[in-house]
$ cat protein-v4.cif   # mmCIF, C-alpha atoms and all ligand atoms
data_query
loop_
_atom_site.label_atom_id
_atom_site.label_comp_id
_atom_site.auth_asym_id
_atom_site.auth_seq_id
_atom_site.Cartn_x
_atom_site.Cartn_y
_atom_site.Cartn_z
CA MET A 1 11.37 -18.40 -14.25
CA THR A 2 10.56 -16.40 -11.09
CA THR A 3 10.56 -12.62 -11.55
CA GLN A 4 13.26 -10.82 -9.57
CA ILE A 5 11.49 -8.02 -7.70
CA PRO A 6 13.71 -4.98 -7.09
CA TYR A 7 13.96 -3.51 -3.58
CA VAL A 8 13.96 0.10 -2.40
CA THR A 9 15.65 1.33 0.77
CA LEU A 10 13.52 3.21 3.29
CA ASN A 11 14.71 6.24 5.28
CA ASN A 12 15.79 4.02 8.20
CA GLY A 13 17.81 1.61 6.03
CA VAL A 14 15.15 -1.13 5.86
CA ARG A 15 14.78 -2.68 2.39
CA MET A 16 11.28 -3.10 0.94
CA PRO A 17 10.17 -4.88 -2.25
CA LEU A 18 9.08 -2.43 -4.95
CA LEU A 19 6.07 -4.61 -5.78
CA GLY A 20 3.84 -6.56 -3.43
CA PHE A 21 0.43 -8.11 -2.97
CA GLY A 22 -2.60 -6.36 -1.43
CA VAL A 23 -5.46 -8.22 0.24
CA PHE A 24 -8.13 -5.52 0.69
CA GLN A 25 -11.63 -6.86 -0.01
CA ILE A 26 -10.50 -10.48 -0.21
CA PRO A 27 -12.97 -12.29 2.04
CA ASP A 28 -11.42 -13.98 5.04
CA ASP A 29 -12.27 -17.46 3.74
CA GLN A 30 -10.46 -16.81 0.43
CA THR A 31 -7.45 -14.95 1.78
CA GLN A 32 -5.28 -17.90 2.81
CA GLN A 33 -5.51 -19.41 -0.68
CA ALA A 34 -4.91 -16.05 -2.37
CA VAL A 35 -1.82 -15.30 -0.28
CA GLU A 36 -0.47 -18.83 -0.76
CA ASP A 37 -0.91 -18.39 -4.52
CA ALA A 38 0.76 -14.96 -4.40
CA LEU A 39 3.75 -16.31 -2.46
CA GLU A 40 3.98 -19.18 -4.90
CA ALA A 41 3.97 -16.68 -7.79
CA GLY A 42 6.91 -14.88 -6.20
CA TYR A 43 5.41 -12.03 -4.18
CA ARG A 44 7.24 -11.36 -0.92
CA LEU A 45 5.50 -8.20 0.31
CA ILE A 46 2.00 -8.76 1.73
CA ASP A 47 -0.14 -5.73 2.56
CA THR A 48 -3.04 -6.23 4.97
CA ALA A 49 -4.76 -4.20 7.72
CA ALA A 50 -6.65 -4.80 10.93
CA ALA A 51 -9.62 -3.27 9.11
CA TYR A 52 -9.50 -5.90 6.35
CA GLU A 53 -10.36 -8.55 8.95
CA ASN A 54 -8.17 -11.13 7.22
CA GLU A 55 -4.90 -10.94 9.18
CA ARG A 56 -5.36 -14.47 10.58
CA ALA A 57 -5.72 -15.92 7.09
CA VAL A 58 -2.62 -14.02 5.94
CA GLY A 59 -0.77 -15.49 8.93
CA ARG A 60 -1.89 -19.02 8.05
CA ALA A 61 -0.68 -18.60 4.47
CA ILE A 62 2.70 -17.32 5.66
CA ALA A 63 3.07 -20.24 8.05
CA ALA A 64 2.05 -22.76 5.39
CA SER A 65 4.47 -21.33 2.83
CA GLY A 66 7.58 -22.30 4.78
CA ILE A 67 9.31 -19.20 3.37
CA PRO A 68 11.91 -17.90 5.84
CA ARG A 69 10.53 -14.91 7.75
CA ASP A 70 13.42 -12.66 6.73
CA GLU A 71 12.52 -13.12 3.05
CA LEU A 72 9.04 -11.71 3.64
CA PHE A 73 7.91 -8.14 4.11
CA VAL A 74 4.63 -7.92 6.03
CA THR A 75 2.65 -4.72 6.39
CA THR A 76 -0.45 -4.18 8.48
CA LYS A 77 -2.33 -1.08 9.57
CA LEU A 78 -3.86 0.39 12.69
CA TRP A 79 -7.52 1.41 12.45
CA ILE A 80 -8.90 4.74 13.78
CA GLN A 81 -10.81 3.23 16.73
CA ASP A 82 -7.48 2.01 18.18
CA TYR A 83 -5.54 5.27 17.94
CA GLY A 84 -4.11 6.71 21.17
CA GLN A 85 -1.08 5.75 23.21
CA ASP A 86 -2.31 2.68 25.14
CA SER A 87 -4.86 1.38 22.68
CA THR A 88 -2.30 1.45 19.86
CA GLU A 89 0.02 -0.79 21.86
CA ARG A 90 -2.80 -3.27 22.44
CA ALA A 91 -3.98 -3.18 18.82
CA PHE A 92 -0.42 -3.78 17.62
CA ASP A 93 -0.09 -6.84 19.87
CA ARG A 94 -3.41 -8.20 18.61
CA SER A 95 -2.39 -7.76 14.97
CA LEU A 96 0.90 -9.56 15.59
CA ASP A 97 -0.99 -12.33 17.36
CA ARG A 98 -3.48 -12.74 14.50
CA LEU A 99 -0.64 -12.79 11.97
CA GLY A 100 1.28 -15.30 14.10
CA LEU A 101 4.43 -13.14 13.86
CA ASP A 102 6.86 -11.73 16.39
CA HIS A 103 7.59 -8.58 14.40
CA LEU A 104 6.18 -6.51 11.56
CA ASP A 105 8.16 -5.10 8.68
CA LEU A 106 5.91 -2.07 8.33
CA TYR A 107 3.13 -0.73 10.54
CA LEU A 108 0.96 2.06 9.13
CA ILE A 109 -1.54 4.50 10.59
CA HIS A 110 -4.44 3.70 8.25
CA GLN A 111 -6.19 7.08 8.18
CA PRO A 112 -5.24 10.66 9.13
CA PHE A 113 -8.24 11.14 11.44
CA GLY A 114 -8.78 10.90 15.20
CA ASP A 115 -5.88 10.73 17.66
CA TYR A 116 -3.20 9.89 15.14
CA TYR A 117 -0.65 11.86 17.16
CA GLY A 118 -1.14 9.49 20.10
CA ALA A 119 -0.93 6.56 17.71
CA TRP A 120 2.27 7.86 16.15
CA ARG A 121 3.98 8.40 19.51
CA ALA A 122 3.04 4.86 20.54
CA MET A 123 4.37 3.50 17.26
CA GLU A 124 7.65 5.38 17.69
CA ASP A 125 8.27 3.39 20.89
CA PRO A 126 8.08 -0.27 19.82
CA SER A 127 9.93 0.61 16.64
CA ARG A 128 12.93 1.35 18.83
CA ALA A 129 12.57 -1.99 20.57
CA GLY A 130 12.75 -3.78 17.21
CA ARG A 131 9.24 -5.21 17.04
CA ILE A 132 8.46 -3.03 14.02
CA ARG A 133 11.16 -2.58 11.43
CA ALA A 134 9.57 0.55 9.94
CA ILE A 135 6.61 2.79 10.72
CA GLY A 136 4.59 4.89 8.35
CA VAL A 137 1.23 6.36 7.48
CA SER A 138 -1.50 5.96 4.90
CA ASN A 139 -3.86 8.41 3.24
CA PHE A 140 -1.94 11.42 4.56
CA TYR A 141 -2.42 14.38 2.21
CA PRO A 142 0.50 16.85 2.06
CA ASP A 143 -0.75 19.17 4.83
CA ARG A 144 -1.23 16.35 7.37
CA LEU A 145 2.06 14.74 6.39
CA ALA A 146 3.99 18.00 6.81
CA ASP A 147 2.28 18.52 10.19
CA LEU A 148 3.17 15.04 11.45
CA ILE A 149 6.77 15.36 10.30
CA THR A 150 7.18 18.82 11.81
CA HIS A 151 5.93 17.90 15.29
CA ASN A 152 7.33 14.42 15.85
CA GLU A 153 10.67 12.69 16.14
CA ILE A 154 10.52 9.96 13.49
CA VAL A 155 9.76 10.80 9.86
CA PRO A 156 7.35 8.20 8.43
CA ALA A 157 9.21 5.66 6.29
CA VAL A 158 6.21 5.28 3.95
CA ASN A 159 3.00 7.06 3.01
CA GLN A 160 0.59 4.67 1.29
CA ILE A 161 -1.88 6.70 -0.79
CA GLU A 162 -4.26 6.14 -3.66
CA THR A 163 -2.13 6.53 -6.79
CA HIS A 164 -2.81 5.47 -10.36
CA VAL A 165 -2.87 6.93 -13.84
CA PHE A 166 -6.15 8.79 -13.14
CA PHE A 167 -4.89 10.24 -9.82
CA GLN A 168 -1.18 10.70 -10.17
CA ARG A 169 -0.26 12.63 -6.99
CA THR A 170 2.77 14.44 -8.43
CA ASP A 171 2.80 17.16 -5.73
CA ASP A 172 2.46 14.57 -2.98
CA HIS A 173 5.29 12.60 -4.57
CA GLU A 174 7.57 15.63 -4.60
CA LEU A 175 6.87 16.45 -0.94
CA MET A 176 7.53 12.85 0.07
CA ARG A 177 10.74 12.80 -1.94
CA GLU A 178 11.94 15.99 -0.19
CA HIS A 179 11.33 14.44 3.23
CA GLY A 180 12.58 10.94 2.46
CA VAL A 181 9.12 9.36 2.77
CA ARG A 182 8.62 6.43 0.38
CA HIS A 183 5.55 6.74 -1.83
CA GLU A 184 3.47 3.55 -1.89
CA ALA A 185 0.47 3.31 -4.24
CA TRP A 186 -2.79 1.73 -3.21
CA GLY A 187 -5.43 1.05 -5.85
CA PRO A 188 -2.74 1.04 -8.57
CA LEU A 189 -5.32 -0.29 -11.05
CA SER A 190 -7.93 2.20 -9.83
CA GLN A 191 -9.74 -0.88 -8.51
CA GLY A 192 -10.70 -1.53 -12.13
CA GLY A 193 -13.05 1.47 -12.13
CA GLN A 194 -13.55 4.35 -14.61
CA GLY A 195 -13.06 2.06 -17.60
CA PHE A 196 -9.50 1.46 -16.48
CA PHE A 197 -8.81 -1.69 -18.47
CA ASP A 198 -10.44 -0.28 -21.63
CA ASN A 199 -8.65 3.06 -21.58
CA PRO A 200 -7.59 3.67 -25.22
CA VAL A 201 -4.31 5.43 -24.37
CA LEU A 202 -3.21 2.64 -22.03
CA ALA A 203 -4.40 0.00 -24.50
CA ASP A 204 -2.40 1.63 -27.30
CA ILE A 205 0.78 1.82 -25.19
CA ALA A 206 0.19 -1.78 -24.09
CA ARG A 207 0.04 -2.89 -27.73
CA THR A 208 3.36 -1.25 -28.58
CA HIS A 209 5.11 -3.10 -25.73
CA GLY A 210 3.28 -6.42 -26.11
CA LYS A 211 1.98 -6.02 -22.55
CA SER A 212 -1.43 -5.69 -20.88
CA VAL A 213 -3.08 -2.48 -19.66
CA ALA A 214 -2.49 -3.62 -16.05
CA GLN A 215 1.21 -4.09 -16.76
CA ILE A 216 1.50 -0.61 -18.28
CA ALA A 217 -0.24 0.95 -15.26
CA LEU A 218 2.01 -0.90 -12.83
CA ARG A 219 5.16 -0.24 -14.85
CA TRP A 220 4.32 3.49 -14.83
CA LEU A 221 4.43 3.38 -11.02
CA VAL A 222 7.49 1.20 -10.47
CA GLN A 223 9.42 3.20 -13.06
CA GLN A 224 9.01 6.15 -10.66
CA GLU A 225 10.15 3.91 -7.77
CA ILE A 226 6.66 4.06 -6.26
CA VAL A 227 5.95 0.84 -4.36
CA VAL A 228 2.86 -0.96 -5.74
CA ILE A 229 0.60 -3.59 -4.16
CA PRO A 230 -1.95 -4.77 -6.76
CA LYS A 231 -4.64 -7.17 -5.58
CA SER A 232 -6.00 -10.15 -7.50
CA VAL A 233 -7.51 -13.45 -6.43
CA ARG A 234 -6.55 -15.05 -9.77
CA PRO A 235 -3.11 -16.70 -10.10
CA GLN A 236 -2.88 -15.77 -13.78
CA ARG A 237 -3.33 -12.08 -12.98
CA MET A 238 -0.97 -12.34 -10.00
CA ALA A 239 1.74 -13.54 -12.41
CA GLU A 240 0.83 -10.89 -14.99
CA ASN A 241 1.06 -8.11 -12.40
CA LEU A 242 4.53 -9.25 -11.36
CA ASP A 243 5.84 -9.33 -14.89
CA VAL A 244 6.66 -5.63 -15.26
CA PHE A 245 10.43 -5.55 -14.93
CA ASP A 246 11.50 -6.54 -18.43
CA PHE A 247 10.52 -3.38 -20.34
CA GLN A 248 10.64 0.41 -20.06
CA LEU A 249 8.06 3.06 -20.83
CA THR A 250 9.44 5.73 -23.12
CA LYS A 251 9.37 9.49 -22.48
CA ASP A 252 6.53 9.70 -24.98
CA ASP A 253 4.58 6.96 -23.15
CA MET A 254 5.09 8.82 -19.85
CA ALA A 255 3.88 12.10 -21.40
CA ARG A 256 0.74 10.45 -22.79
CA ILE A 257 0.00 8.86 -19.41
CA ALA A 258 0.57 12.22 -17.65
CA ASP A 259 -2.39 13.55 -19.64
CA LEU A 260 -4.72 10.98 -18.03
CA ASP A 261 -4.45 12.61 -14.58
CA THR A 262 -7.80 13.91 -13.30
CA GLY A 263 -6.23 15.22 -10.06
CA ARG A 264 -9.10 13.66 -8.11
CA SER A 265 -9.64 10.53 -6.05
CA GLN A 266 -11.67 7.88 -7.85
CA VAL A 267 -12.47 6.12 -4.56
CA PHE A 268 -12.81 8.33 -1.47
CA ASP A 269 -12.51 12.07 -0.83
CA HIS A 270 -10.49 12.58 2.35
CA HIS A 271 -11.45 16.27 2.36
CA ASP A 272 -15.21 15.70 2.41
CA PRO A 273 -16.48 16.39 5.98
CA ALA A 274 -19.32 13.87 5.63
CA GLY A 275 -16.85 11.19 4.51
CA VAL A 276 -14.47 12.00 7.37
CA LYS A 277 -17.34 11.74 9.86
CA TRP A 278 -18.55 8.47 8.34
CA LEU A 279 -15.09 6.89 8.41
CA GLY A 280 -14.63 7.91 12.04
CA GLY A 281 -17.66 5.83 12.93
CA VAL A 282 -16.62 2.69 11.05
CA ARG A 283 -15.60 0.03 13.57
CA PHE A 284 -14.05 -3.38 13.12
CA ASP A 285 -13.49 -6.36 15.34
CA THR A 286 -9.82 -5.57 15.86
P1 LIG A 301 -6.35 -2.54 -7.30
O1 LIG A 301 -6.16 -1.25 -7.99
O2 LIG A 301 -5.19 -3.39 -6.99
O3 LIG A 301 -7.41 -3.35 -8.20
C1 LIG A 301 -7.88 -4.61 -7.84
C2 LIG A 301 -8.94 -5.00 -8.86
O4 LIG A 301 -8.37 -5.18 -10.16
C3 LIG A 301 -9.64 -6.28 -8.52
O5 LIG A 301 -10.98 -6.15 -8.92
C4 LIG A 301 -8.93 -7.32 -9.38
O6 LIG A 301 -9.84 -8.38 -9.69
C5 LIG A 301 -8.60 -6.52 -10.61
N1 LIG A 301 -7.34 -6.94 -11.27
C6 LIG A 301 -6.15 -7.17 -10.68
N2 LIG A 301 -5.20 -7.46 -11.59
C7 LIG A 301 -5.80 -7.43 -12.80
C8 LIG A 301 -5.35 -7.65 -14.11
N3 LIG A 301 -4.08 -7.95 -14.38
N4 LIG A 301 -6.26 -7.54 -15.13
C9 LIG A 301 -7.55 -7.23 -14.88
N5 LIG A 301 -8.05 -7.00 -13.63
C10 LIG A 301 -7.16 -7.10 -12.60
O7 LIG A 301 -7.23 -2.24 -5.98
P2 LIG A 301 -7.05 -2.39 -4.42
O8 LIG A 301 -7.98 -1.44 -3.80
O9 LIG A 301 -7.17 -3.79 -4.01
O10 LIG A 301 -5.57 -1.86 -4.11
C11 LIG A 301 -4.48 -2.71 -3.94
C12 LIG A 301 -4.10 -2.84 -2.46
O11 LIG A 301 -3.86 -1.55 -1.87
C13 LIG A 301 -5.23 -3.40 -1.57
O12 LIG A 301 -5.44 -4.78 -1.74
C14 LIG A 301 -4.73 -2.99 -0.21
O13 LIG A 301 -3.70 -3.85 0.24
C15 LIG A 301 -4.20 -1.59 -0.49
N6 LIG A 301 -5.24 -0.56 -0.23
C16 LIG A 301 -5.00 0.32 0.80
C17 LIG A 301 -5.90 1.31 1.12
C18 LIG A 301 -5.61 2.25 2.23
O14 LIG A 301 -6.49 3.00 2.64
N7 LIG A 301 -4.40 2.24 2.75
C19 LIG A 301 -7.18 1.46 0.39
C20 LIG A 301 -7.34 0.51 -0.70
C21 LIG A 301 -6.39 -0.45 -0.98
P3 LIG A 301 -9.55 -9.93 -9.32
O15 LIG A 301 -9.18 -10.01 -7.87
O16 LIG A 301 -10.85 -10.60 -9.64
O17 LIG A 301 -8.43 -10.35 -10.24
#
$ encode --input "protein-v4.cif" --output "structure tokens" --more "lines below"
Ligand code: NDP
Amino acid sequence: MTTQIPYVTLNNGVRMPLLGFGVFQIPDDQTQQAVEDALEAGYRLIDTAAAYENERAVGRAIAASGIPRDELFVTTKLWIQDYGQDSTERAFDRSLDRLGLDHLDLYLIHQPFGDYYGAWRAMEDPSRAGRIRAIGVSNFYPDRLADLITHNEIVPAVNQIETHVFFQRTDDHELMREHGVRHEAWGPLSQGGQGFFDNPVLADIARTHGKSVAQIALRWLVQQEIVVIPKSVRPQRMAENLDVFDFQLTKDDMARIADLDTGRSQVFDHHDPAGVKWLGGVRFDT
């Protein structure tokens, strides 16, 4: 039986699946197969980025699936080198071309560095013309998010940020809730790092529900209506990661998981000047 994935409604009325499939770090030559498998498993939200250099393969999988376009929710992201009014327009067109689509469901500013104001103003335009159903941001910490909201017309529909049991982002979540910005979690399994799958608290909770550690970690997010986009190249794990809508974590489970928060990124520190400088120099063939 195919899992029914719930939808959430974004601040502009667009509906988005609560759980989707991420393709970061899937090599281009494996992406088409992975996305075809994910669509077959029942995923309808696909999350890619110009910087992942696999948009073409995502596009091929979508075309091969034969699934009606309006049943899919496709997200891609604009990389730093393409920020600015004119270059954003061009980068958007190139992403659409690579994906083989005539519109995007969600277009995100990938990083809060460089001329993201120019990028945002450019993104506000085509969104009105209907070529992007929703626009949003990624990796915006509360100060940058508040700044962007305060000085622009459209409030981002989504902020996609690292969120998992070791980095829970409760203050970010509250700010986003206040402003009607949907919280989307990247790295919901902490990319498997920090002993994620062997964590004794998660393993114990998993045992009580007859579920896996991954399912507990994903359930913890979707139970807060945080959109999740786990990545796996293995069909068995794709199915496992979808199967999180037939049980509930208890108050006690939630309290035990709250204690796992380290309050720190496990992947990249967006406040580290050296990291910011490094990221600004990373270029892709977009
Ligand atoms: P995840 O937290 O989704 O972890 C993926 C890792 O977990 C892979 O090594 C995968 O291995 C493994 N895994 C997946 N499911 C299971 C399971 N059930 N049991 C055991 N291991 C499992 O990391 P990602 O960084 O990929 O995050 C998800 C998505 O978020 C990305 O693909 C991307 O779309 C987005 N993202 C966005 C970023 C941004 O800056 N906006 C940054 C990073 C990610 P295997 O494939 O071998 O199964």
$ residues_around --input "protein-v4.cif" --residues "Val282 in chain A" --least-positions-apart "2" --cutoff "12 Å" --atoms "all atoms listed in the file" --output "PyMOL selection string"
chain A and resi 51+79-82+111+113+275-280+284-286
$ closest_residue --input "protein-v4.cif" --among "A:Met254, A:Met238, A:Ala63, A:Leu78" --to "Ala91 in chain A" --atoms "only C-alpha atoms"
A:Leu78
$ closest_residue --input "protein-v4.cif" --among "A:Asn199, A:Thr170, A:Ser190, A:Thr150" --to "ligand LIG 301 (chain A)" --atoms "only C-alpha atoms and all ligand atoms"
A:Ser190
$ residues_near_point --input "protein-v4.cif" --point "(-0.3, 8.4, -17.8)" --cutoff "9 Å" --atoms "only C-alpha atoms" --output "list in words"
His164, Val165, Phe166, Gln168, Val201, Leu202, Ala217, Trp220, Asp253, Met254, Ala255, Arg256, Ile257, Ala258, Asp259, Leu260 and Asp261 of chain A
$ write_last_selection --input "protein-v4.cif" --atoms "C-alpha atoms" --output "PDB file, keeping the file's coordinate frame"
ATOM      1  CA  HIS A 164      -2.810   5.470 -10.360  1.00  0.00           C
ATOM      2  CA  VAL A 165      -2.870   6.930 -13.840  1.00  0.00           C
ATOM      3  CA  PHE A 166      -6.150   8.790 -13.140  1.00  0.00           C
ATOM      4  CA  GLN A 168      -1.180  10.700 -10.170  1.00  0.00           C
ATOM      5  CA  VAL A 201      -4.310   5.430 -24.370  1.00  0.00           C
ATOM      6  CA  LEU A 202      -3.210   2.640 -22.030  1.00  0.00           C
ATOM      7  CA  ALA A 217      -0.240   0.950 -15.260  1.00  0.00           C
ATOM      8  CA  TRP A 220       4.320   3.490 -14.830  1.00  0.00           C
ATOM      9  CA  ASP A 253       4.580   6.960 -23.150  1.00  0.00           C
ATOM     10  CA  MET A 254       5.090   8.820 -19.850  1.00  0.00           C
ATOM     11  CA  ALA A 255       3.880  12.100 -21.400  1.00  0.00           C
ATOM     12  CA  ARG A 256       0.740  10.450 -22.790  1.00  0.00           C
ATOM     13  CA  ILE A 257       0.000   8.860 -19.410  1.00  0.00           C
ATOM     14  CA  ALA A 258       0.570  12.220 -17.650  1.00  0.00           C
ATOM     15  CA  ASP A 259      -2.390  13.550 -19.640  1.00  0.00           C
ATOM     16  CA  LEU A 260      -4.720  10.980 -18.030  1.00  0.00           C
ATOM     17  CA  ASP A 261      -4.450  12.610 -14.580  1.00  0.00           C
TER      18      ASP A 261
END
$ residues_near_ligand --input "protein-v4.cif" --ligand "ligand LIG 301 (chain A)" --cutoff "6 Å" --atoms "all atoms listed in the file" --output "list of chain:residue names"
A:Gly22, A:Val23, A:Phe24, A:Asp47, A:Thr48, A:His110, A:Ser138, A:Gln160, A:Trp186, A:Gly187, A:Pro188, A:Leu189, A:Ser190, A:Gln191, A:Gly192, A:Ala214, A:Ile229, A:Pro230, A:Lys231, A:Ser232, A:Val233, A:Arg234, A:Arg237, A:Glu240, A:Asn241
$ write_last_selection --input "protein-v4.cif" --atoms "C-alpha atoms" --output "short mmCIF file (atom, residue, chain, number, x, y, z; two decimals), in the coordinates of the input"
data_model
loop_
_atom_site.label_atom_id
_atom_site.label_comp_id
_atom_site.auth_asym_id
_atom_site.auth_seq_id
_atom_site.Cartn_x
_atom_site.Cartn_y
_atom_site.Cartn_z
CA GLY A 22 -2.60 -6.36 -1.43
CA VAL A 23 -5.46 -8.22 0.24
CA PHE A 24 -8.13 -5.52 0.69
CA ASP A 47 -0.14 -5.73 2.56
CA THR A 48 -3.04 -6.23 4.97
CA HIS A 110 -4.44 3.70 8.25
CA SER A 138 -1.50 5.96 4.90
CA GLN A 160 0.59 4.67 1.29
CA TRP A 186 -2.79 1.73 -3.21
CA GLY A 187 -5.43 1.05 -5.85
CA PRO A 188 -2.74 1.04 -8.57
CA LEU A 189 -5.32 -0.29 -11.05
CA SER A 190 -7.93 2.20 -9.83
CA GLN A 191 -9.74 -0.88 -8.51
CA GLY A 192 -10.70 -1.53 -12.13
CA ALA A 214 -2.49 -3.62 -16.05
CA ILE A 229 0.60 -3.59 -4.16
CA PRO A 230 -1.95 -4.77 -6.76
CA LYS A 231 -4.64 -7.17 -5.58
CA SER A 232 -6.00 -10.15 -7.50
CA VAL A 233 -7.51 -13.45 -6.43
CA ARG A 234 -6.55 -15.05 -9.77
CA ARG A 237 -3.33 -12.08 -12.98
CA GLU A 240 0.83 -10.89 -14.99
CA ASN A 241 1.06 -8.11 -12.40
#
$ closest_residue --input "protein-v4.cif" --among "A:Tyr107, A:Tyr52, A:Trp120, A:Tyr43" --to "Asp243 in chain A" --atoms "all atoms listed in the file"
A:Tyr43
$ atom_distance --input "protein-v4.cif" --atom1 "CA of Arg90 in chain A" --atom2 "CA of Ala157 in chain A"
22.0 Å
$ atom_distance --input "protein-v4.cif" --atom1 "CA of Asp171 in chain A" --atom2 "CA of Thr75 in chain A"
25.0 Å
$ closest_residue --input "protein-v4.cif" --among "A:Ala122, A:Leu96, A:Ala274, A:Ala239" --to "Asp37 in chain A" --atoms "only C-alpha atoms"
A:Ala239
$ decode --input "protein-v4.cif" --residues "range 178-198 of chain A" --atoms "N, CA and C atoms" --output "PDB file, in the first residue's frame"
ATOM      1  N   GLU A 178       6.038  32.651  13.756  1.00  0.00           N
ATOM      2  CA  GLU A 178       5.476  34.011  13.921  1.00  0.00           C
ATOM      3  C   GLU A 178       5.273  34.708  12.587  1.00  0.00           C
ATOM      4  N   HIS A 179       6.210  34.477  11.656  1.00  0.00           N
ATOM      5  CA  HIS A 179       6.157  35.187  10.364  1.00  0.00           C
ATOM      6  C   HIS A 179       5.495  34.385   9.259  1.00  0.00           C
ATOM      7  N   GLY A 180       5.031  33.205   9.559  1.00  0.00           N
ATOM      8  CA  GLY A 180       4.371  32.393   8.527  1.00  0.00           C
ATOM      9  C   GLY A 180       5.337  31.790   7.525  1.00  0.00           C
ATOM     10  N   VAL A 181       6.590  31.575   7.948  1.00  0.00           N
ATOM     11  CA  VAL A 181       7.585  30.940   7.078  1.00  0.00           C
ATOM     12  C   VAL A 181       7.634  29.453   7.434  1.00  0.00           C
ATOM     13  N   ARG A 182       7.446  28.580   6.449  1.00  0.00           N
ATOM     14  CA  ARG A 182       7.457  27.142   6.734  1.00  0.00           C
ATOM     15  C   ARG A 182       8.876  26.651   6.989  1.00  0.00           C
ATOM     16  N   HIS A 183       9.046  25.929   8.064  1.00  0.00           N
ATOM     17  CA  HIS A 183      10.338  25.336   8.424  1.00  0.00           C
ATOM     18  C   HIS A 183      10.509  24.035   7.643  1.00  0.00           C
ATOM     19  N   GLU A 184      11.603  23.948   6.884  1.00  0.00           N
ATOM     20  CA  GLU A 184      11.939  22.715   6.170  1.00  0.00           C
ATOM     21  C   GLU A 184      13.308  22.255   6.663  1.00  0.00           C
ATOM     22  N   ALA A 185      13.424  20.960   6.981  1.00  0.00           N
ATOM     23  CA  ALA A 185      14.658  20.436   7.587  1.00  0.00           C
ATOM     24  C   ALA A 185      15.554  19.800   6.536  1.00  0.00           C
ATOM     25  N   TRP A 186      16.783  20.299   6.413  1.00  0.00           N
ATOM     26  CA  TRP A 186      17.748  19.513   5.636  1.00  0.00           C
ATOM     27  C   TRP A 186      18.611  18.716   6.613  1.00  0.00           C
ATOM     28  N   GLY A 187      19.211  17.634   6.093  1.00  0.00           N
ATOM     29  CA  GLY A 187      20.014  16.777   6.963  1.00  0.00           C
ATOM     30  C   GLY A 187      19.211  16.217   8.122  1.00  0.00           C
ATOM     31  N   PRO A 188      17.974  15.746   7.872  1.00  0.00           N
ATOM     32  CA  PRO A 188      17.121  15.327   8.997  1.00  0.00           C
ATOM     33  C   PRO A 188      17.672  14.110   9.747  1.00  0.00           C
ATOM     34  N   LEU A 189      18.617  13.404   9.091  1.00  0.00           N
ATOM     35  CA  LEU A 189      19.261  12.256   9.751  1.00  0.00           C
ATOM     36  C   LEU A 189      20.694  12.622  10.126  1.00  0.00           C
ATOM     37  N   SER A 190      20.954  13.921  10.208  1.00  0.00           N
ATOM     38  CA  SER A 190      22.290  14.426  10.530  1.00  0.00           C
ATOM     39  C   SER A 190      23.351  13.817   9.591  1.00  0.00           C
ATOM     40  N   GLN A 191      22.904  13.518   8.387  1.00  0.00           N
ATOM     41  CA  GLN A 191      23.763  12.888   7.372  1.00  0.00           C
ATOM     42  C   GLN A 191      24.435  11.625   7.921  1.00  0.00           C
ATOM     43  N   GLY A 192      23.784  11.010   8.896  1.00  0.00           N
ATOM     44  CA  GLY A 192      24.303   9.765   9.479  1.00  0.00           C
ATOM     45  C   GLY A 192      25.469   9.974  10.436  1.00  0.00           C
ATOM     46  N   GLY A 193      25.850  11.226  10.666  1.00  0.00           N
ATOM     47  CA  GLY A 193      27.039  11.497  11.494  1.00  0.00           C
ATOM     48  C   GLY A 193      26.751  11.497  12.986  1.00  0.00           C
ATOM     49  N   GLN A 194      27.811  11.647  13.792  1.00  0.00           N
ATOM     50  CA  GLN A 194      27.715  11.724  15.252  1.00  0.00           C
ATOM     51  C   GLN A 194      26.988  10.508  15.839  1.00  0.00           C
ATOM     52  N   GLY A 195      27.246   9.359  15.283  1.00  0.00           N
ATOM     53  CA  GLY A 195      26.645   8.128  15.820  1.00  0.00           C
ATOM     54  C   GLY A 195      25.135   8.132  15.771  1.00  0.00           C
ATOM     55  N   PHE A 196      24.593   8.840  14.791  1.00  0.00           N
ATOM     56  CA  PHE A 196      23.149   9.053  14.720  1.00  0.00           C
ATOM     57  C   PHE A 196      22.343   7.759  14.855  1.00  0.00           C
ATOM     58  N   PHE A 197      22.690   6.777  14.028  1.00  0.00           N
ATOM     59  CA  PHE A 197      21.855   5.572  13.977  1.00  0.00           C
ATOM     60  C   PHE A 197      22.083   4.624  15.163  1.00  0.00           C
ATOM     61  N   ASP A 198      23.124   4.935  15.971  1.00  0.00           N
ATOM     62  CA  ASP A 198      23.381   4.107  17.166  1.00  0.00           C
ATOM     63  C   ASP A 198      23.013   4.845  18.453  1.00  0.00           C
TER      64      ASP A 198
END
